[in-house]
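**Student:** This is the structure I want to talk about, given as structure tokens.
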Number of protein chains: 2
Amino acid sequence: MTDVAKAAKVSLQTVSAVINGKPGISEPTCERVRSVIREFDYHPNGFASSLRARRSFTIGVVIPTITNPYFPEFVRGLEDVAHRKGYSVFLCNSDHDQSKEISYLQLLRRHQVAGYVVAYGLSNPQGDRILAELAADGTPVVTLGTRQLHPRAVTLLSDDVHGTARITSHLVRLGHRRIGFISPPAGGDVHRHRLTGYLGALEKGGICPEPELIVSGDFSVEAGRRGAVHLTNLSEPPSAIVAANDLVAIGAINALRRIRKRVPEDVSVTGYDDIPLARLFHPALTTMAQPVHEMGAAGMRALLARIEDPKLTGEAIRFNSRLLVRESTMPPPDRAG
Amino acid sequence: MTDVAKAAKVSLQTVSAVINGKPGISEPTCERVRSVIREFDYHPNGFASSLRARRSFTIGVVIPTITNPYFPEFVRGLEDVAHRKGYSVFLCNSDHDQSKEISYLQLLRRHQVAGYVVAYGLSNPQGDRILAELAADGTPVVTLGTRQLHPRAVTLLSDDVHGTARITSHLVRLGHRRIGFISPPAGGDVHRHRLTGYLGALEKGGICPEPELIVSGDFSVEAGRRGAVHLTNLSEPPSAIVAANDLVAIGAINALRRIRKRVPEDVSVTGYDDIPLARLFHPALTTMAQPVHEMGAAGMRALLARIEDPKLTGEAIRFNSRLLVRESTMPPPDRAG
DNA sequence: TTGTAGGCGTTATCAC
DNA sequence: GTGATAACGCCTACAA
């Protein structure tokens with residue numbers, strides 16, 4: 001920068017002003033500086049400026065895994081608004097690994113990111129503590145999850161209880177009485193909420209829940225496979241399966257097909273999330289659509305608002321999911337069920 | 001850090017040495033410093049250290065869109081090895097937008113990333129120039145694409161010509177004579193290579209290519225839909241379709257299903273890439289599997305090697321794709337064709 | 001508008 | 001092992 005200033009015969013501060021588009025520089029000077037910058041192929045050093053300014057324009061984002069198509073959509077939502085406001089996103093995959101999540105959080109802290117977005121930090125006490133500390137210190141924090149970590153943090157809440165109740169009820173109304181449930185990872189809040197919704201819907205339909213119909217899983221295709229196999233091996237297999245998400249549903253349908261069960265004729269299967277491929281799948285998935293992209297966008301808007309104005313308090317933003325009835329569900333083969 | 005040094009009654013440099021795990025510090029001192037760090041809840045400032053050390057441990061990665069499941073796999077490959085060596089990844093979605101790609105490249109340069117990985121910078125002259133400059137200056141650059149940008153850059157090459165020839169030949173051997181082609185974005189190298197492969201396979205099979213069977217598209221589901229509709233509306237529709245990738249194939253199959261064409265009974269469809277869902281789809285996709293994760297891992301290994309030893313020269317790493325015959329292809333309905 | 005001085009939090013380089 | 005001291009590249013002030 002010093003060289004540029006010399007070559008353009010202006011002061012250092014003028015160069016700085018030109019680079020940062022500050023007012024008070026005459027047009028010809030401005031142009032001359034710019035041309036020298038091009039000529040020297042000069043590029044400002046972000047470290048130095050962030051160090052000095054004590055602020056950065058990058059947002060740290062931690063998600064479990066970019067490999068579940070749900071998250072790319074969410075990240076796009078975040079990015080779209082961040083980029084529009086001149087911020088960029090530092091994305092980290094925790095891979096459902098608590099220690100990795102923590103090490104990324106520390107990495108982000110070293111990078112002095114301006115704010116944090118953490119999606120489904122799966123009941124990680126240490127990680128939660130770090131985030132709560134951060135929030136307490138006034139660093140803007142947004143979480144995608146089930147509960148508010150700290151009064152100053154923003155939480156993106158999805159209506160898991162209601163959503164699961166909704167899709168289970170859809171099955172009940174169709175006439176299903178034995179409805180299997182492949183659950184989210186045990187121990188997490190999502191698991192608890194979803195289970196509550198499922199049980200509530202059964203109760204409302206006058207169906208007595210059977211423990212053997214509830215199989216524990218996670219959010220992977222593999223969990224869907226295993227769950228479906230397990231459920232069909234029951235002496236009295238279910239006529240419908242509520243899967244933890246679309247990936248699980250796809251895994252379940254796949255396993256079912258292998259053992260010559262037709263979906264939905266023999267057994268209905270529901271997903272959750274409405275990933276882009278859900279409607280393209282065959283059979284197209286009946287699922288609860290979450291406004292993922294919008295959740296990301298709203299989360300980033302809330303985060304940036306708090307970066308610009310640190311006095312803003314925390315809040316919980318609720319998002320409603322929508323039941324999408326497609327091809328993977330129908331009345332049970334035996335309506336007498 | 002100064003505070004920590006004072007409180008632990010040691011010199012600044014000792015604290016620095018402890019943080020960076022440098023040798024030459026006695027165990028008790030080390031422990032004392034660490035405990036003070038914890039007590040103060042001190043966190044090193046990455047800007048300052050990168051500024052001073054003139055190096056950073058982050059790698060800039062630019063991909064077209066995280067929304068195509070091909071890229072998450074690639075990114076995971078990159079990340080897995082980067083993380084293992086203490087580097088982190090700064091991920092940017094160019095969204096197939098040239099100006100966005102350039103602005104991200106500049107952003108990364110400001111962030112002084114230690115190296116660049118750019119995937120399919122789709123024939124962006126300005127972007128190519130920036131990368132070539134970077135490579136010329138000795139900054140490690142890895143591209144995933146079709147040609148080497150600069151003798152010092154590393155290029156991850158996939159065998160598009162051969163791969164497309166391979167999968168087209170598969171269709172020819174099955175007895176197909178009219179084979180549609182939904183192409184990658186026109187004008188790009190991938191387009192040219194794939195087309196070459198397709199035409200070569202036809203020629204080898206003694207089939208005269210028909211321009212009307214070649215429809216231009218891109219890498220989206222929508223392109224598959226449009227392409228399939230267009231092809232089936234031909235007076236003599238093809239009995240098989242070679243799609244640009246799995247997403248396109250899925251779009252095509254979907255459109256076909258809507259107009260009551262069965263896949264593969266009425267028309268065979270092939271994909272490319274073998275995204276995770278390809279084998280789960282119904283019908284499971286016949287496709288060319290690219291070793292995407294390995295490509296990412298190898299790319300990052302090559303990049304880190306060049307960061308550690310700048311004298312290393314560029315190279316081209318070739319990856320072979322594998323034909324995976326699954327359910328979406330079979331002989332044409334009318335073998336007389 | 002310009003020049004100069006000082007400091008952001010580290011690390012490198014000395015001599016001790 | 002330690003303690004000073006000088007950068008790293010940029011920004012803010014303040015006086016000119």
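By convention here, the chains of the structure tokens are called A, B, ... in the order presented, each chain's residues are numbered starting at 1, and ligands are numbered starting at 1 in the order presented.
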Write out as a list of chain:residue names each polymer residue whose atoms come within 10 Å of Leu195 (chain B), counting only C-alpha atoms (C1' of nucleotides); drop sequence neighbours fewer than 6 positions from it.
**Tutor:**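 Residues near the query, excluding close chain neighbours: B:Asp160, B:Val161, B:Thr164, B:Ala165, B:Phe181, B:Ile182, B:Ser183, B:Pro184, B:Asp189, B:Ala201, B:Ile214, B:Ala244.
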**Student:** Produce a file of the selected residues containing N, CA and C atoms, as a tab-separated table (two decimals), in the first residue's frame.
**Tutor:**
chain	number	residue	atom	x	y	z
B	160	ASP	N	-13.63	-37.43	-19.33
B	160	ASP	CA	-14.95	-37.22	-19.89
B	160	ASP	C	-15.15	-37.88	-21.24
B	161	VAL	N	-14.16	-37.76	-22.08
B	161	VAL	CA	-14.29	-38.33	-23.42
B	161	VAL	C	-14.52	-39.84	-23.31
B	164	THR	N	-17.81	-40.91	-21.40
B	164	THR	CA	-19.05	-40.79	-22.17
B	164	THR	C	-19.09	-41.83	-23.28
B	165	ALA	N	-17.91	-42.07	-23.86
B	165	ALA	CA	-17.85	-43.10	-24.90
B	165	ALA	C	-18.26	-44.44	-24.29
B	181	PHE	N	-28.95	-37.25	-26.54
B	181	PHE	CA	-27.86	-36.73	-25.72
B	181	PHE	C	-28.27	-35.38	-25.14
B	182	ILE	N	-28.37	-35.31	-23.83
B	182	ILE	CA	-28.68	-34.02	-23.20
B	182	ILE	C	-27.35	-33.50	-22.69
B	183	SER	N	-26.88	-32.44	-23.31
B	183	SER	CA	-25.48	-32.05	-23.13
B	183	SER	C	-25.24	-31.14	-21.93
B	184	PRO	N	-23.99	-31.12	-21.49
B	184	PRO	CA	-23.55	-30.11	-20.51
B	184	PRO	C	-23.65	-28.73	-21.15
B	189	ASP	N	-15.67	-26.79	-22.02
B	189	ASP	CA	-14.84	-27.91	-22.42
B	189	ASP	C	-15.51	-29.23	-22.13
B	201	ALA	N	-18.45	-43.01	-29.78
B	201	ALA	CA	-19.08	-44.30	-29.51
B	201	ALA	C	-20.10	-44.64	-30.59
B	214	ILE	N	-29.37	-34.43	-30.36
B	214	ILE	CA	-28.48	-33.75	-29.41
B	214	ILE	C	-29.15	-32.48	-28.92
B	244	ALA	N	-26.39	-35.56	-19.04
B	244	ALA	CA	-25.13	-34.92	-18.65
B	244	ALA	C	-24.66	-35.32	-17.26
**Student:** Could you fit chain A onto chain B with a least-squares superposition over all C-alpha atoms, matched one to one in order, and give me the transformed chain as a CSV table (one decimal) with C-alpha atoms, in the first residue's frame?
**Tutor:**
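As a result, result_3.csv now contains:
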chain,number,residue,atom,x,y,z
A,1,MET,CA,-1.5,-12.3,25.5
A,2,THR,CA,0.4,-9.7,27.4
A,3,ASP,CA,-2.0,-10.1,30.3
A,4,VAL,CA,-1.5,-13.8,30.3
A,5,ALA,CA,2.2,-13.4,30.4
A,6,LYS,CA,2.0,-11.1,33.3
A,7,ALA,CA,-0.4,-13.2,35.2
A,8,ALA,CA,1.7,-16.3,34.7
A,9,LYS,CA,4.9,-14.3,35.4
A,10,VAL,CA,6.6,-15.4,32.2
A,11,SER,CA,7.6,-13.6,29.1
A,12,LEU,CA,5.4,-13.0,26.1
A,13,GLN,CA,7.5,-15.3,24.0
A,14,THR,CA,7.1,-18.1,26.5
A,15,VAL,CA,3.3,-17.8,26.1
A,16,SER,CA,3.6,-17.8,22.4
A,17,ALA,CA,5.8,-20.9,22.5
A,18,VAL,CA,3.3,-22.7,24.7
A,19,ILE,CA,0.5,-21.9,22.4
A,20,ASN,CA,2.3,-23.0,19.3
A,21,GLY,CA,3.6,-26.1,21.0
A,22,LYS,CA,7.2,-25.2,20.5
A,23,PRO,CA,9.9,-27.1,22.4
A,24,GLY,CA,12.2,-25.6,25.0
A,25,ILE,CA,9.6,-24.8,27.7
A,26,SER,CA,9.7,-26.7,31.0
A,27,GLU,CA,6.7,-28.8,31.9
A,28,PRO,CA,5.6,-26.8,35.0
A,29,THR,CA,5.9,-23.5,33.2
A,30,CYS,CA,3.9,-24.9,30.4
A,31,GLU,CA,1.2,-26.0,32.7
A,32,ARG,CA,1.0,-22.8,34.6
A,33,VAL,CA,0.7,-20.8,31.3
A,34,ARG,CA,-2.0,-23.1,30.2
A,35,SER,CA,-4.0,-22.7,33.3
A,36,VAL,CA,-3.8,-19.0,33.2
A,37,ILE,CA,-5.0,-19.1,29.6
A,38,ARG,CA,-8.0,-21.1,30.6
A,39,GLU,CA,-8.6,-18.8,33.5
A,40,PHE,CA,-8.5,-15.7,31.4
A,41,ASP,CA,-10.5,-17.5,28.7
A,42,TYR,CA,-7.8,-16.2,26.3
A,43,HIS,CA,-8.0,-17.0,22.6
A,44,PRO,CA,-5.2,-16.3,20.2
A,45,ASN,CA,-6.0,-13.8,17.4
A,46,GLY,CA,-5.5,-15.5,14.1
A,47,PHE,CA,-5.3,-12.3,12.2
A,48,ALA,CA,-2.4,-11.0,14.1
A,49,SER,CA,-0.5,-14.2,13.8
A,50,SER,CA,-1.2,-14.7,10.2
A,51,LEU,CA,-0.3,-11.1,9.5
A,52,ARG,CA,3.0,-11.5,11.2
A,53,ALA,CA,3.8,-15.0,10.0
A,54,ARG,CA,2.7,-14.0,6.5
A,55,ARG,CA,0.9,-17.3,6.0
A,56,SER,CA,-2.5,-18.7,6.8
A,57,PHE,CA,-3.8,-22.1,7.3
A,58,THR,CA,-6.9,-21.8,5.3
A,59,ILE,CA,-7.5,-23.1,1.8
A,60,GLY,CA,-9.9,-21.3,-0.5
A,61,VAL,CA,-12.4,-23.5,-2.4
A,62,VAL,CA,-14.7,-22.3,-5.2
A,63,ILE,CA,-17.4,-24.6,-6.5
A,64,PRO,CA,-20.3,-23.9,-8.8
A,65,THR,CA,-23.0,-25.0,-6.4
A,66,ILE,CA,-23.2,-27.0,-3.2
A,67,THR,CA,-26.7,-27.9,-4.3
A,68,ASN,CA,-25.5,-30.6,-6.7
A,69,PRO,CA,-24.8,-33.6,-4.6
A,70,TYR,CA,-21.6,-34.2,-6.6
A,71,PHE,CA,-19.9,-31.3,-4.9
A,72,PRO,CA,-20.5,-32.1,-1.2
A,73,GLU,CA,-18.7,-35.4,-1.8
A,74,PHE,CA,-15.8,-33.6,-3.5
A,75,VAL,CA,-15.6,-31.0,-0.7
A,76,ARG,CA,-15.6,-33.8,1.9
A,77,GLY,CA,-12.7,-35.3,0.2
A,78,LEU,CA,-10.9,-32.0,0.3
A,79,GLU,CA,-11.8,-31.3,3.9
A,80,ASP,CA,-10.9,-34.7,5.2
A,81,VAL,CA,-7.3,-34.3,4.2
A,82,ALA,CA,-7.0,-30.6,4.9
A,83,HIS,CA,-8.4,-31.0,8.4
A,84,ARG,CA,-6.1,-33.8,9.2
A,85,LYS,CA,-3.1,-31.6,8.4
A,86,GLY,CA,-4.4,-28.6,10.4
A,87,TYR,CA,-5.7,-26.6,7.5
A,88,SER,CA,-9.3,-25.5,7.1
A,89,VAL,CA,-11.4,-24.8,4.1
A,90,PHE,CA,-13.1,-21.6,3.1
A,91,LEU,CA,-15.9,-22.7,0.8
A,92,CYS,CA,-17.5,-20.4,-1.8
A,93,ASN,CA,-20.4,-21.1,-4.2
A,94,SER,CA,-20.0,-19.3,-7.4
A,95,ASP,CA,-23.5,-20.3,-8.4
A,96,HIS,CA,-22.3,-20.7,-12.1
A,97,ASP,CA,-22.0,-16.9,-12.0
A,98,GLN,CA,-18.8,-15.6,-13.5
A,99,SER,CA,-18.9,-12.3,-11.6
A,100,LYS,CA,-19.6,-14.1,-8.4
A,101,GLU,CA,-16.7,-16.4,-9.1
A,102,ILE,CA,-14.4,-13.5,-9.6
A,103,SER,CA,-15.5,-11.7,-6.5
A,104,TYR,CA,-15.0,-14.8,-4.5
A,105,LEU,CA,-11.5,-15.2,-5.9
A,106,GLN,CA,-10.7,-11.7,-4.8
A,107,LEU,CA,-12.2,-12.2,-1.4
A,108,LEU,CA,-10.0,-15.3,-1.0
A,109,ARG,CA,-7.0,-13.3,-2.1
A,110,ARG,CA,-7.7,-10.7,0.5
A,111,HIS,CA,-8.0,-13.5,3.0
A,112,GLN,CA,-4.5,-14.5,2.0
A,113,VAL,CA,-5.5,-18.1,1.7
A,114,ALA,CA,-2.6,-20.5,1.4
A,115,GLY,CA,-3.9,-22.2,-1.7
A,116,TYR,CA,-6.8,-22.4,-4.1
A,117,VAL,CA,-9.1,-25.2,-5.3
A,118,VAL,CA,-11.4,-24.2,-8.1
A,119,ALA,CA,-13.9,-26.7,-9.4
A,120,TYR,CA,-15.2,-26.2,-12.9
A,121,GLY,CA,-14.7,-22.5,-13.3
A,122,LEU,CA,-16.9,-22.6,-16.3
A,123,SER,CA,-14.8,-21.1,-19.1
A,124,ASN,CA,-14.5,-17.7,-17.3
A,125,PRO,CA,-11.6,-15.9,-19.0
A,126,GLN,CA,-11.1,-13.3,-16.3
A,127,GLY,CA,-11.3,-16.0,-13.6
A,128,ASP,CA,-8.8,-18.1,-15.5
A,129,ARG,CA,-6.5,-15.2,-15.8
A,130,ILE,CA,-6.6,-14.5,-12.1
A,131,LEU,CA,-5.8,-18.1,-11.3
A,132,ALA,CA,-3.0,-18.3,-13.8
A,133,GLU,CA,-1.5,-15.1,-12.3
A,134,LEU,CA,-1.8,-16.7,-8.9
A,135,ALA,CA,-0.2,-19.9,-10.1
A,136,ALA,CA,2.5,-17.9,-11.8
A,137,ASP,CA,3.3,-16.0,-8.6
A,138,GLY,CA,3.9,-19.4,-7.0
A,139,THR,CA,0.6,-19.6,-5.1
A,140,PRO,CA,-0.5,-23.3,-5.1
A,141,VAL,CA,-3.6,-23.7,-7.3
A,142,VAL,CA,-5.6,-26.9,-8.0
A,143,THR,CA,-8.4,-27.0,-10.5
A,144,LEU,CA,-10.9,-29.6,-11.2
A,145,GLY,CA,-11.6,-29.4,-14.8
A,146,THR,CA,-10.6,-30.2,-18.3
A,147,ARG,CA,-7.3,-28.6,-18.9
A,148,GLN,CA,-4.3,-27.2,-17.2
A,149,LEU,CA,-4.5,-23.5,-16.7
A,150,HIS,CA,-0.8,-22.9,-16.0
A,151,PRO,CA,2.2,-25.2,-15.9
A,152,ARG,CA,2.5,-24.6,-12.2
A,153,ALA,CA,-1.1,-25.5,-11.5
A,154,VAL,CA,-2.3,-28.9,-10.6
A,155,THR,CA,-5.3,-30.1,-12.5
A,156,LEU,CA,-7.7,-32.9,-11.6
A,157,LEU,CA,-8.8,-34.4,-14.9
A,158,SER,CA,-11.7,-36.6,-15.4
A,159,ASP,CA,-11.9,-38.8,-18.5
A,160,ASP,CA,-15.0,-37.2,-19.9
A,161,VAL,CA,-14.3,-38.3,-23.5
A,162,HIS,CA,-13.7,-41.9,-22.6
A,163,GLY,CA,-16.4,-42.0,-19.9
A,164,THR,CA,-19.1,-40.8,-22.2
A,165,ALA,CA,-17.9,-43.1,-25.0
A,166,ARG,CA,-18.1,-45.9,-22.5
A,167,ILE,CA,-21.6,-45.4,-21.4
A,168,THR,CA,-22.8,-44.6,-24.9
A,169,SER,CA,-21.3,-47.8,-26.1
A,170,HIS,CA,-23.1,-49.7,-23.3
A,171,LEU,CA,-26.3,-48.4,-24.9
A,172,VAL,CA,-25.2,-49.3,-28.4
A,173,ARG,CA,-24.3,-52.8,-27.3
A,174,LEU,CA,-27.7,-53.2,-25.8
A,175,GLY,CA,-29.1,-52.6,-29.3
A,176,HIS,CA,-30.0,-48.9,-29.2
A,177,ARG,CA,-29.7,-47.1,-32.5
A,178,ARG,CA,-31.4,-43.8,-31.7
A,179,ILE,CA,-29.6,-42.4,-28.7
A,180,GLY,CA,-30.5,-38.9,-27.4
A,181,PHE,CA,-27.9,-36.7,-25.7
A,182,ILE,CA,-28.7,-34.0,-23.2
A,183,SER,CA,-25.5,-32.0,-23.1
A,184,PRO,CA,-23.6,-30.1,-20.5
A,185,PRO,CA,-23.6,-26.3,-20.9
A,186,ALA,CA,-22.8,-25.4,-24.4
A,187,GLY,CA,-19.4,-23.7,-25.0
A,188,GLY,CA,-17.6,-25.4,-22.1
A,189,ASP,CA,-14.9,-27.9,-22.4
A,190,VAL,CA,-16.9,-30.5,-20.7
A,191,HIS,CA,-19.5,-30.1,-23.4
A,192,ARG,CA,-16.9,-30.6,-26.1
A,193,HIS,CA,-15.4,-33.7,-24.5
A,194,ARG,CA,-18.6,-35.4,-23.7
A,195,LEU,CA,-19.9,-34.8,-27.1
A,196,THR,CA,-16.7,-36.2,-28.6
A,197,GLY,CA,-17.1,-39.3,-26.5
A,198,TYR,CA,-20.8,-39.7,-27.5
A,199,LEU,CA,-20.1,-39.2,-31.2
A,200,GLY,CA,-17.1,-41.5,-31.1
A,201,ALA,CA,-19.2,-44.3,-29.6
A,202,LEU,CA,-21.9,-43.9,-32.2
A,203,GLU,CA,-19.4,-44.0,-34.9
A,204,LYS,CA,-17.8,-47.1,-33.5
A,205,GLY,CA,-21.2,-48.7,-33.4
A,206,GLY,CA,-21.8,-47.7,-37.0
A,207,ILE,CA,-24.5,-45.3,-36.1
A,208,CYS,CA,-24.9,-42.1,-38.0
A,209,PRO,CA,-25.4,-39.2,-35.5
A,210,GLU,CA,-28.5,-37.1,-35.9
A,211,PRO,CA,-28.4,-33.5,-34.8
A,212,GLU,CA,-31.9,-33.5,-33.7
A,213,LEU,CA,-31.0,-36.1,-31.0
A,214,ILE,CA,-28.5,-33.7,-29.4
A,215,VAL,CA,-30.2,-31.2,-27.1
A,216,SER,CA,-28.3,-28.7,-25.2
A,217,GLY,CA,-28.8,-28.4,-21.5
A,218,ASP,CA,-26.9,-27.9,-18.3
A,219,PHE,CA,-26.4,-29.9,-15.0
A,220,SER,CA,-29.8,-29.4,-13.5
A,221,VAL,CA,-32.9,-31.5,-13.0
A,222,GLU,CA,-34.8,-29.0,-15.0
A,223,ALA,CA,-32.5,-29.5,-18.0
A,224,GLY,CA,-33.3,-33.2,-17.8
A,225,ARG,CA,-37.0,-32.5,-17.8
A,226,ARG,CA,-36.9,-30.2,-20.8
A,227,GLY,CA,-34.5,-32.4,-22.7
A,228,ALA,CA,-36.6,-35.5,-22.2
A,229,VAL,CA,-39.8,-33.7,-23.3
A,230,HIS,CA,-38.1,-32.3,-26.3
A,231,LEU,CA,-36.6,-35.7,-27.3
A,232,THR,CA,-39.9,-37.6,-26.9
A,233,ASN,CA,-41.7,-35.0,-29.0
A,234,LEU,CA,-39.5,-35.8,-32.0
A,235,SER,CA,-41.2,-37.6,-34.8
A,236,GLU,CA,-38.9,-40.5,-34.2
A,237,PRO,CA,-38.0,-40.3,-30.5
A,238,PRO,CA,-34.9,-42.0,-29.2
A,239,SER,CA,-35.0,-45.3,-27.3
A,240,ALA,CA,-32.2,-44.2,-25.0
A,241,ILE,CA,-30.9,-40.9,-23.5
A,242,VAL,CA,-27.5,-40.1,-22.3
A,243,ALA,CA,-27.8,-37.4,-19.7
A,244,ALA,CA,-25.1,-34.9,-18.7
A,245,ASN,CA,-25.2,-36.1,-15.1
A,246,ASP,CA,-27.3,-37.9,-12.6
A,247,LEU,CA,-29.5,-34.9,-11.7
A,248,VAL,CA,-30.3,-34.5,-15.4
A,249,ALA,CA,-31.1,-38.2,-15.7
A,250,ILE,CA,-33.4,-38.0,-12.7
A,251,GLY,CA,-35.1,-35.0,-14.3
A,252,ALA,CA,-35.5,-36.8,-17.5
A,253,ILE,CA,-36.9,-40.0,-15.9
A,254,ASN,CA,-39.3,-37.8,-14.0
A,255,ALA,CA,-40.6,-36.1,-17.2
A,256,LEU,CA,-40.8,-39.4,-18.9
A,257,ARG,CA,-42.8,-40.9,-16.2
A,258,ARG,CA,-45.3,-38.0,-16.4
A,259,ILE,CA,-46.0,-38.8,-20.0
A,260,ARG,CA,-46.4,-42.4,-19.2
A,261,LYS,CA,-43.1,-43.7,-20.6
A,262,ARG,CA,-41.5,-46.4,-18.6
A,263,VAL,CA,-37.8,-46.4,-17.8
A,264,PRO,CA,-36.1,-48.5,-18.9
A,265,GLU,CA,-38.8,-50.5,-20.7
A,266,ASP,CA,-39.7,-47.8,-23.1
A,267,VAL,CA,-36.6,-45.7,-22.9
A,268,SER,CA,-33.3,-46.2,-21.3
A,269,VAL,CA,-31.6,-43.3,-19.4
A,270,THR,CA,-28.0,-43.0,-18.2
A,271,GLY,CA,-26.5,-40.6,-15.7
A,272,TYR,CA,-23.0,-39.5,-14.9
A,273,ASP,CA,-21.2,-39.0,-11.6
A,274,ASP,CA,-22.9,-41.6,-9.4
A,275,ILE,CA,-24.1,-39.3,-6.7
A,276,PRO,CA,-25.1,-41.1,-3.5
A,277,LEU,CA,-28.7,-41.2,-4.5
A,278,ALA,CA,-28.1,-42.7,-7.9
A,279,ARG,CA,-28.2,-46.3,-6.7
A,280,LEU,CA,-31.2,-45.6,-4.4
A,281,PHE,CA,-33.3,-44.0,-7.1
A,282,HIS,CA,-35.9,-46.1,-8.7
A,283,PRO,CA,-35.0,-47.3,-11.3
A,284,ALA,CA,-31.4,-47.3,-10.0
A,285,LEU,CA,-29.3,-45.2,-12.3
A,286,THR,CA,-26.9,-46.7,-14.8
A,287,THR,CA,-24.1,-44.2,-14.6
A,288,MET,CA,-20.4,-43.5,-14.8
A,289,ALA,CA,-19.0,-43.4,-11.3
A,290,GLN,CA,-16.4,-40.7,-10.7
A,291,PRO,CA,-14.1,-41.2,-7.7
A,292,VAL,CA,-15.2,-37.8,-6.4
A,293,HIS,CA,-14.2,-38.2,-2.8
A,294,GLU,CA,-10.8,-39.4,-3.9
A,295,MET,CA,-10.5,-36.6,-6.4
A,296,GLY,CA,-11.0,-34.1,-3.6
A,297,ALA,CA,-8.6,-35.9,-1.3
A,298,ALA,CA,-5.9,-36.2,-4.0
A,299,GLY,CA,-6.4,-32.6,-5.0
A,300,MET,CA,-5.9,-31.4,-1.4
A,301,ARG,CA,-2.9,-33.6,-1.0
A,302,ALA,CA,-1.3,-32.1,-4.0
A,303,LEU,CA,-2.2,-28.6,-2.9
A,304,LEU,CA,-0.8,-29.1,0.6
A,305,ALA,CA,2.4,-30.6,-0.8
A,306,ARG,CA,2.9,-27.5,-2.8
A,307,ILE,CA,2.2,-25.2,0.1
A,308,GLU,CA,4.9,-27.0,2.1
A,309,ASP,CA,7.3,-27.1,-0.8
A,310,PRO,CA,6.7,-24.3,-3.3
A,311,LYS,CA,9.3,-25.7,-5.7
A,312,LEU,CA,7.0,-28.5,-6.8
A,313,THR,CA,5.7,-28.1,-10.3
A,314,GLY,CA,2.3,-28.5,-11.7
A,315,GLU,CA,0.9,-31.7,-12.8
A,316,ALA,CA,-2.3,-33.3,-14.2
A,317,ILE,CA,-3.9,-36.0,-12.2
A,318,ARG,CA,-6.2,-38.3,-14.2
A,319,PHE,CA,-9.1,-40.1,-12.7
A,320,ASN,CA,-10.9,-43.0,-14.4
A,321,SER,CA,-14.6,-43.3,-14.1
A,322,ARG,CA,-16.3,-46.7,-13.9
A,323,LEU,CA,-19.4,-47.8,-15.7
A,324,LEU,CA,-22.1,-48.9,-13.3
A,325,VAL,CA,-24.8,-50.8,-15.0
A,326,ARG,CA,-28.0,-50.7,-12.9
A,327,GLU,CA,-31.6,-50.6,-13.7
A,328,SER,CA,-32.2,-47.6,-15.8
A,329,THR,CA,-31.0,-49.2,-19.0
A,330,MET,CA,-32.1,-52.3,-21.0
A,331,PRO,CA,-32.4,-53.3,-24.7
A,332,PRO,CA,-34.8,-51.1,-26.7
A,333,PRO,CA,-38.4,-52.3,-26.9
A,334,ASP,CA,-38.0,-53.1,-30.6
A,335,ARG,CA,-34.7,-54.8,-31.2
A,336,ALA,CA,-35.2,-54.5,-34.9
A,337,GLY,CA,-34.8,-50.6,-34.2
**Student:** Taking the chain letters and numbering used in this document, name the residues of region 188-222 of chain B that DSSP puts in alpha helix (DSSP H), as a PyMOL selection string.
**Tutor:** chain B and resi 189-204+221-222
**Student:** Could you write out as a list in words the residues of chain D within 10 Å of chain B, counting only C-alpha atoms (C1' of nucleotides)?
**Tutor:**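 Selected residues: DG1, DT2, DG3, DA4, DA7, DC8 and DG9 of chain D.
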**Student:** For a test of reading the model, state the distance in Å between C1' of DT11 (chain C) and C1' of DT12 (chain D), rounded to one decimal.
**Tutor:**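 Distance between the two atoms: 24.4 Å.
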**Student:** Could you list the residues in chain C lying within 9 Å of chain B, using only C-alpha atoms (C1' of nucleotides), and format the result as number ranges by chain?
**Tutor:** C: 8-12
**Student:** Residues as selected, C-alpha atoms (C1' of nucleotides), written as a CSV table (one decimal), in the first residue's frame, can you do that?
**Tutor:**
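To be explicit, this is the file written out as result_12.csv:
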chain,number,residue,atom,x,y,z
C,8,DC,C1',-4.1,-3.6,16.7
C,9,DG,C1',-1.9,-8.9,18.7
C,10,DT,C1',1.4,-11.8,17.0
C,11,DT,C1',5.9,-13.8,15.8
C,12,DA,C1',11.1,-13.4,14.7
